[in-house]
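J.: The file below is coords.tsv, TSV, C-alpha atoms:
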chain	number	residue	atom	x	y	z
A	11	MET	CA	111.09	74.82	47.45
A	12	LYS	CA	111.75	71.23	48.47
A	13	THR	CA	108.04	70.37	48.13
A	14	THR	CA	107.89	71.71	44.56
A	15	LEU	CA	110.98	69.75	43.52
A	16	LYS	CA	109.57	66.61	45.12
A	17	LYS	CA	106.31	66.98	43.15
A	18	LYS	CA	108.24	67.45	39.89
A	19	LEU	CA	110.32	64.32	40.50
A	20	THR	CA	107.19	62.28	41.32
A	21	ALA	CA	105.45	63.46	38.14
A	22	ALA	CA	108.52	62.60	36.03
A	23	ILE	CA	108.71	59.11	37.51
A	24	LEU	CA	104.98	58.46	36.87
A	25	ALA	CA	105.27	59.70	33.28
A	26	GLY	CA	108.23	57.41	32.67
A	27	CYS	CA	106.40	54.39	34.10
A	28	SER	CA	103.35	55.08	31.95
A	29	THR	CA	105.48	55.33	28.81
A	30	PHE	CA	107.24	52.06	29.66
A	31	ILE	CA	103.94	50.21	30.27
A	32	LEU	CA	102.37	51.48	27.02
A	33	SER	CA	105.48	50.56	25.08
A	34	GLY	CA	105.29	47.03	26.47
A	35	VAL	CA	101.68	46.68	25.44
A	36	ALA	CA	102.51	47.91	21.93
A	37	LEU	CA	105.39	45.43	21.62
A	38	ALA	CA	103.21	42.57	22.86
A	39	ASN	CA	100.45	43.35	20.26
A	40	PRO	CA	102.16	44.65	17.13
A	41	PRO	CA	99.80	45.95	14.38
A	42	GLN	CA	98.77	43.22	11.93
A	43	PRO	CA	99.34	43.80	8.23
A	44	PRO	CA	96.18	44.05	6.08
A	45	PRO	CA	95.08	40.75	4.52
A	46	PRO	CA	96.10	40.18	0.92
A	47	PRO	CA	93.43	40.75	-1.72
A	48	PRO	CA	91.42	37.63	-2.60
A	49	THR	CA	93.26	36.98	-5.85
A	50	GLU	CA	91.71	33.53	-6.30
A	51	LEU	CA	88.16	34.85	-6.02
A	52	ALA	CA	88.95	37.78	-8.26
A	53	GLN	CA	90.39	35.49	-10.92
A	54	ARG	CA	87.52	32.95	-10.72
A	55	PRO	CA	85.29	33.29	-13.83
A	56	THR	CA	81.67	34.30	-13.32
A	57	PRO	CA	79.38	31.31	-13.92
A	58	PRO	CA	77.04	31.72	-16.88
A	59	PRO	CA	73.42	32.55	-16.05
A	60	PRO	CA	70.99	29.62	-16.10
A	61	PRO	CA	69.12	29.17	-19.37
A	62	PRO	CA	65.68	30.78	-19.43
A	63	ARG	CA	62.87	28.45	-18.52
A	64	PRO	CA	60.65	27.65	-21.46
A	65	PHE	CA	57.17	29.10	-21.07
A	66	VAL	CA	55.63	25.88	-22.39
A	67	HIS	CA	56.53	22.30	-21.61
A	68	ASN	CA	54.42	20.55	-24.23
A	69	GLU	CA	56.08	19.97	-27.59
A	70	GLU	CA	52.78	20.15	-29.48
A	71	VAL	CA	51.94	23.47	-27.84
A	72	GLN	CA	55.44	24.77	-28.60
A	73	ASN	CA	55.07	23.84	-32.27
A	74	TYR	CA	51.83	25.78	-32.53
A	75	CYS	CA	53.39	28.76	-30.74
A	76	THR	CA	56.18	28.78	-33.32
A	77	GLN	CA	53.64	28.55	-36.13
A	78	PHE	CA	51.52	31.37	-34.69
A	79	GLU	CA	54.57	33.60	-34.39
A	80	SER	CA	54.89	33.61	-38.19
A	81	ASP	CA	51.20	33.27	-39.12
A	82	TYR	CA	49.79	35.82	-36.68
A	83	SER	CA	52.29	38.59	-36.06
A	84	TRP	CA	49.74	40.48	-33.94
A	85	MET	CA	49.72	37.78	-31.24
A	86	TYR	CA	51.36	38.40	-27.89
A	87	LEU	CA	53.34	35.61	-26.27
A	88	SER	CA	50.58	34.86	-23.75
A	89	THR	CA	47.95	34.85	-26.50
A	90	ARG	CA	49.97	32.39	-28.58
A	91	LYS	CA	50.27	30.08	-25.61
A	92	ASP	CA	46.52	30.12	-24.84
A	93	ALA	CA	45.52	29.61	-28.47
A	94	ALA	CA	48.09	26.84	-28.91
A	95	LYS	CA	46.70	24.91	-25.94
A	96	ASP	CA	43.21	25.13	-27.42
A	97	PHE	CA	44.45	23.97	-30.83
A	98	VAL	CA	46.08	20.91	-29.25
A	99	SER	CA	42.80	20.10	-27.48
A	100	VAL	CA	40.96	20.35	-30.81
A	101	ASP	CA	43.49	18.02	-32.46
A	102	LYS	CA	43.01	15.44	-29.71
A	103	ALA	CA	39.23	15.64	-30.08
A	104	LEU	CA	39.64	15.07	-33.82
A	105	GLU	CA	41.86	12.04	-33.19
A	106	ARG	CA	39.17	10.57	-30.92
A	107	ASN	CA	36.54	11.20	-33.64
A	108	THR	CA	34.65	13.43	-31.22
A	109	ILE	CA	34.34	16.02	-33.99
A	110	SER	CA	34.74	15.98	-37.77
A	111	THR	CA	37.57	17.57	-39.75
A	112	ASN	CA	35.22	20.29	-40.96
A	113	GLN	CA	34.11	21.05	-37.39
A	114	ALA	CA	37.73	21.15	-36.21
A	115	THR	CA	38.63	23.66	-38.93
A	116	LYS	CA	35.67	25.89	-38.05
A	117	LEU	CA	36.46	25.66	-34.34
A	118	LYS	CA	40.08	26.72	-34.87
A	119	LYS	CA	38.91	29.74	-36.87
A	120	GLU	CA	36.56	30.69	-34.03
A	121	ILE	CA	39.40	30.33	-31.50
A	122	ILE	CA	41.70	32.64	-33.47
A	123	SER	CA	38.88	35.16	-33.92
A	124	PHE	CA	38.15	35.16	-30.18
A	125	TYR	CA	41.78	35.69	-29.13
A	126	LYS	CA	42.25	38.50	-31.64
A	127	ASP	CA	39.23	40.25	-30.18
A	128	ARG	CA	40.34	39.52	-26.61
A	129	GLN	CA	43.77	40.99	-27.20
A	130	LYS	CA	42.25	44.30	-28.36
A	131	TYR	CA	40.20	44.52	-25.18
A	132	GLU	CA	43.23	43.53	-23.07
A	133	ASP	CA	45.13	46.46	-24.55
A	134	LYS	CA	42.35	48.80	-23.44
A	135	ALA	CA	42.21	47.25	-19.96
A	136	ARG	CA	45.97	47.72	-19.45
A	137	LYS	CA	45.57	51.48	-19.78
A	138	LEU	CA	43.16	51.58	-16.82
A	139	ASP	CA	43.96	51.39	-13.13
A	140	ARG	CA	43.33	48.11	-11.34
A	141	ARG	CA	39.83	48.89	-10.12
A	142	ASP	CA	38.58	50.31	-13.43
A	143	ALA	CA	40.19	47.44	-15.32
A	144	ARG	CA	38.33	44.89	-13.20
A	145	GLU	CA	35.01	46.62	-13.85
A	146	TYR	CA	35.86	46.90	-17.54
A	147	ARG	CA	36.49	43.15	-17.77
A	148	GLN	CA	33.25	42.36	-15.97
A	149	GLU	CA	31.24	44.63	-18.26
A	150	ASN	CA	32.86	43.10	-21.36
A	151	ARG	CA	33.05	39.52	-20.13
A	152	GLU	CA	32.13	38.03	-23.52
A	153	HIS	CA	35.32	39.55	-24.97
A	154	PHE	CA	37.56	38.08	-22.26
A	155	SER	CA	36.02	34.64	-21.64
A	156	LEU	CA	35.92	31.91	-24.27
A	157	ARG	CA	33.35	30.12	-22.13
A	158	ALA	CA	31.00	33.10	-22.40
A	159	ASN	CA	30.97	32.63	-26.19
A	160	ILE	CA	30.34	28.89	-26.09
A	161	ALA	CA	26.76	29.10	-27.38
A	162	ASP	CA	27.73	31.21	-30.41
A	163	ILE	CA	30.68	28.94	-31.15
A	164	SER	CA	28.39	25.92	-30.93
A	165	GLU	CA	26.02	27.47	-33.45
A	166	SER	CA	28.75	28.35	-35.96
A	167	THR	CA	30.60	25.03	-35.69
A	168	THR	CA	27.56	22.70	-35.22
A	169	ILE	CA	29.37	21.19	-32.22
A	170	PRO	CA	27.10	20.67	-29.17
A	171	VAL	CA	27.82	22.88	-26.18
A	172	ASP	CA	28.58	19.94	-23.89
A	173	THR	CA	31.09	18.58	-26.41
A	174	LEU	CA	32.78	21.98	-26.72
A	175	LYS	CA	33.11	22.21	-22.95
A	176	ARG	CA	34.80	18.81	-22.80
A	177	ILE	CA	37.19	19.83	-25.58
A	178	LEU	CA	38.16	23.34	-24.50
A	179	PHE	CA	37.75	23.44	-20.73
A	180	LYS	CA	39.62	21.27	-18.28
A	181	PRO	CA	37.48	19.84	-15.47
A	182	ASN	CA	37.94	21.31	-12.04
A	183	PRO	CA	40.16	18.84	-10.11
A	184	LYS	CA	38.35	19.75	-6.87
A	185	ALA	CA	34.93	19.08	-8.34
A	186	PRO	CA	33.41	15.62	-7.79
A	187	LYS	CA	33.94	13.43	-10.82
A	188	ASP	CA	31.16	11.47	-12.44
A	189	ARG	CA	31.70	7.75	-12.69
A	190	ASP	CA	31.01	7.88	-16.41
A	191	ASP	CA	29.79	10.28	-19.04
A	192	LEU	CA	26.11	11.15	-18.71
A	193	SER	CA	25.54	11.54	-22.45
A	194	GLU	CA	27.05	8.11	-23.12
A	195	ARG	CA	24.83	6.51	-20.47
A	196	LEU	CA	21.75	8.17	-21.95
A	197	ALA	CA	22.74	7.03	-25.45
A	198	LYS	CA	23.09	3.41	-24.30
A	199	PHE	CA	19.80	3.65	-22.42
A	200	THR	CA	17.80	5.02	-25.37
A	201	ASN	CA	19.50	2.71	-27.89
A	202	GLN	CA	18.29	-0.28	-25.90
A	203	LEU	CA	14.74	1.07	-25.92
A	204	VAL	CA	14.95	1.57	-29.69
A	205	VAL	CA	16.12	-2.03	-30.15
A	206	GLU	CA	13.20	-3.23	-28.03
A	207	GLY	CA	10.80	-1.17	-30.18
A	208	LYS	CA	9.54	0.94	-27.28
A	209	ILE	CA	10.63	4.22	-28.89
A	210	THR	CA	11.74	5.18	-32.40
A	211	GLN	CA	15.13	6.62	-33.29
A	212	GLN	CA	13.40	9.66	-34.77
A	213	GLU	CA	11.71	10.37	-31.44
A	214	VAL	CA	15.06	10.00	-29.67
A	215	ASP	CA	16.71	12.47	-32.05
A	216	ILE	CA	13.88	14.99	-31.72
A	217	LEU	CA	13.93	14.86	-27.91
A	218	ASP	CA	17.74	15.03	-27.83
A	219	GLU	CA	17.74	18.10	-30.07
A	220	TYR	CA	15.06	19.73	-27.91
A	221	MET	CA	16.98	19.10	-24.68
A	222	GLN	CA	20.23	20.30	-26.27
A	223	SER	CA	18.59	23.56	-27.31
A	224	GLY	CA	17.40	23.98	-23.72
A	225	ARG	CA	20.91	23.46	-22.38
A	226	ASP	CA	22.30	25.93	-24.90
A	227	LYS	CA	19.68	28.46	-23.87
A	228	LEU	CA	20.63	28.10	-20.20
A	229	ALA	CA	24.33	28.38	-21.02
A	230	ASN	CA	23.73	31.69	-22.77
A	231	MET	CA	21.83	33.21	-19.84
A	232	THR	CA	23.20	35.28	-17.00
A	233	LYS	CA	23.11	33.82	-13.50
A	234	GLU	CA	20.03	35.87	-12.58
A	235	GLU	CA	18.18	34.94	-15.78
A	236	ARG	CA	18.96	31.26	-15.23
A	237	HIS	CA	17.59	31.29	-11.67
A	238	GLU	CA	14.43	33.08	-12.79
A	239	TYR	CA	13.90	30.67	-15.69
A	240	LEU	CA	14.34	27.57	-13.50
A	241	ASP	CA	12.06	28.97	-10.80
A	242	ASP	CA	9.32	29.53	-13.37
A	243	TYR	CA	9.81	26.01	-14.72
A	244	ARG	CA	9.52	24.44	-11.26
A	245	GLN	CA	6.14	26.09	-10.76
A	246	LEU	CA	4.67	24.39	-13.86
A	247	THR	CA	2.43	21.35	-13.44
A	248	ASP	CA	3.24	18.06	-15.19
A	249	GLU	CA	0.53	18.76	-17.78
A	250	GLN	CA	1.97	22.21	-18.48
A	251	ARG	CA	5.47	20.78	-18.87
A	252	LEU	CA	4.23	18.12	-21.30
A	253	ALA	CA	2.41	20.79	-23.30
A	254	LYS	CA	5.59	22.89	-23.43
A	255	ILE	CA	7.68	19.93	-24.63
A	256	SER	CA	5.00	18.97	-27.15
A	257	GLU	CA	5.05	22.48	-28.57
A	258	GLY	CA	8.83	22.39	-28.95
A	259	THR	CA	9.10	18.87	-30.40
A	260	GLY	CA	5.90	18.34	-32.36
A	261	ILE	CA	5.25	15.09	-30.45
A	262	SER	CA	1.75	14.80	-29.01
A	263	THR	CA	1.30	15.00	-25.25
A	264	GLU	CA	-0.22	11.48	-25.26
A	265	ARG	CA	2.85	10.02	-26.98
A	266	LEU	CA	5.17	11.99	-24.70
A	267	GLN	CA	3.35	10.51	-21.69
A	268	GLU	CA	3.94	7.01	-23.12
A	269	ILE	CA	7.62	7.72	-23.78
A	270	PHE	CA	8.26	9.09	-20.28
A	271	SER	CA	6.38	6.16	-18.73
A	272	THR	CA	8.63	3.84	-20.74
A	273	PHE	CA	11.70	5.70	-19.47
A	274	LYS	CA	10.43	5.49	-15.90
A	275	ASP	CA	9.75	1.74	-16.09
A	276	ALA	CA	13.13	1.07	-17.71
A	277	VAL	CA	14.97	3.00	-15.00
A	278	LYS	CA	13.01	1.16	-12.29
A	279	ASN	CA	13.88	-2.23	-13.80
A	280	LYS	CA	17.53	-1.26	-14.09
A	281	LEU	CA	17.65	-0.25	-10.42
A	282	GLN	CA	16.02	-3.52	-9.37
A	283	HIS	CA	18.62	-5.51	-11.31
A	284	LYS	CA	21.41	-3.54	-9.61
A	285	ILE	CA	19.94	-4.25	-6.17
A	286	GLN	CA	19.67	-7.98	-6.93
A	287	ASP	CA	23.24	-8.09	-8.21
Now that the file is in, can you turn its structure into structure tokens?
T.:
Amino acid sequence: MKTTLKKKLTAAILAGCSTFILSGVALANPPQPPPPPPTELAQRPTPPPPPPRPFVHNEEVQNYCTQFESDYSWMYLSTRKDAAKDFVSVDKALERNTISTNQATKLKKEIISFYKDRQKYEDKARKLDRRDAREYRQENREHFSLRANIADISESTTIPVDTLKRILFKPNPKAPKDRDDLSERLAKFTNQLVVEGKITQQEVDILDEYMQSGRDKLANMTKEERHEYLDDYRQLTDEQRLAKISEGTGISTERLQEIFSTFKDAVKNKLQHKIQD
């Protein structure tokens, strides 16, 4: 009986001590009130969104884009931008007297015609999955690439292919740059020979037209056709090459031999002068 009472008293004392200790801890760390709502942040006005970035940064291009929006309602935004850039390039070529006003007008018509055709094929490509769309673009490259149509555009505008490339296509910045324009150097070279009476201007024009037609022919070939054509040409002898040029120009092989010998001597003299200088 005494043992049971003793156990009860001990348990009561321990329970009282525990309650006292826990009460002290609670008094030492009273619960903190919740923080007030961030009224200042809530009342701060939301900043306006940044203005949309213009898709073009050139004023001349922007003017053409605005014009195309009203003149050609079928044009997508990306099409307007591409065509506008080409139009600005044509205007600059006209200012430099690289092409005539009539040629510039024809070229702009060809540009619009190409982009209208390209947009139709782009619509078809968008309906395909990525792999089929890539194959579709490769099979119809002439409808997606302005460069692939350069020979036809040259024929309809009477602008040489090399001139069109300089107007419409920016040079690759990673490609090595020529010190000066090859066509200009050739023109100066042949003009000097004409002045000296070693070749006539008519012969220069005929040869220039023949070489230009050859360049246009190469530009219109596929990569495989071009390699095959050049391989066949390399296998020709000098006599066969002269005969081929004579057939295309109407200049006799004897006169062609004289002209090329004149070119060779003139180049040799020019190199000797450079070495001496």
J.: To one decimal place, how far is atom CA of Ile163 of chain A from atom CA of Thr115 of chain A in Å?
T.: 12.3 Å
J.: Would you mind listing what lies within 8 Å of segment 132-135 of chain A as a list in words, with all atoms listed in the file counted and same-chain residues fewer than 3 positions away left out?
T.: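 Selected residues are Arg128, Gln129, Leu138, Ala143, Tyr146, Arg147 and Phe154 of chain A.
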J.: Rounded to one decimal place, report the atom CA of Ser256 of chain A-atom CA of Ile269 of chain A distance in Å.
T.: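 Distance between the two atoms: 12.0 Å.
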J.: Residues within 10 Å of segment 207-215 of chain A, please, as a PyMOL selection string. Count only C-alpha atoms; anything in the same chain fewer than 2 positions from it doesn't count.
T.: chain A and resi 197+200-205+217-221+259-261+265-266+268-269+272-273
J.: Quick one: pull the distance between atom CA of Ser271 of chain A and atom CA of Lys227 of chain A, Å, one decimal.
T.: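 If I compute the distance from atom CA of Ser271 of chain A to atom CA of Lys227 of chain A, I get 26.5 Å.
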J.: Between A:Phe270, A:Lys119, A:His237, A:Val98, which is the closest to Leu252 of chain A once you count only C-alpha atoms?
T.: A:Phe270
J.: Please determine an axis-aligned box that encloses all atoms of segment 146-157 of chain A listed in the file, with 4 Å added on each side, and express its centre and edge lengths in Å to one decimal as lines of an AutoDock Vina configuration file.
T.:
center_x = 34.4
center_y = 38.5
center_z = -20.5
size_x = 14.3
size_y = 24.8
size_z = 17.0
J.: Hey, could you make a per-residue contact list for segment 106-223 of chain A against segment 78-92 of chain A with 12 Å as the cut-off, showing the nearest pair of atoms and its distance in Å to one decimal, counting all atoms listed in the file, sorted by chain and number, as CSV?
T.:
residue,atom,partner,partner_atom,distance
A:Ile121,CA,A:Asp92,CA,9.8
A:Ile122,CA,A:Tyr82,CA,9.3
A:Ser123,CA,A:Tyr82,CA,11.3
A:Phe124,CA,A:Thr89,CA,10.5
A:Tyr125,CA,A:Thr89,CA,6.8
A:Lys126,CA,A:Met85,CA,7.5
A:Asp127,CA,A:Met85,CA,10.8
A:Arg128,CA,A:Thr89,CA,8.9
A:Gln129,CA,A:Thr89,CA,7.5
A:Lys130,CA,A:Trp84,CA,10.1
A:Glu132,CA,A:Thr89,CA,10.5
A:Asp133,CA,A:Tyr86,CA,10.7
A:Phe154,CA,A:Thr89,CA,11.7
A:Ser155,CA,A:Asp92,CA,11.9
A:Leu156,CA,A:Asp92,CA,10.8
A:Leu178,CA,A:Asp92,CA,10.8
A:Phe179,CA,A:Asp92,CA,11.8
J.: Could you check which of A:Met231, A:Ile216, A:Ala158, A:Ile109 is closest to Thr173 of chain A, using only C-alpha atoms?
T.: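 Comparing A:Met231, A:Ile216, A:Ala158, A:Ile109 against Thr173 of chain A, the winner is A:Ile109.
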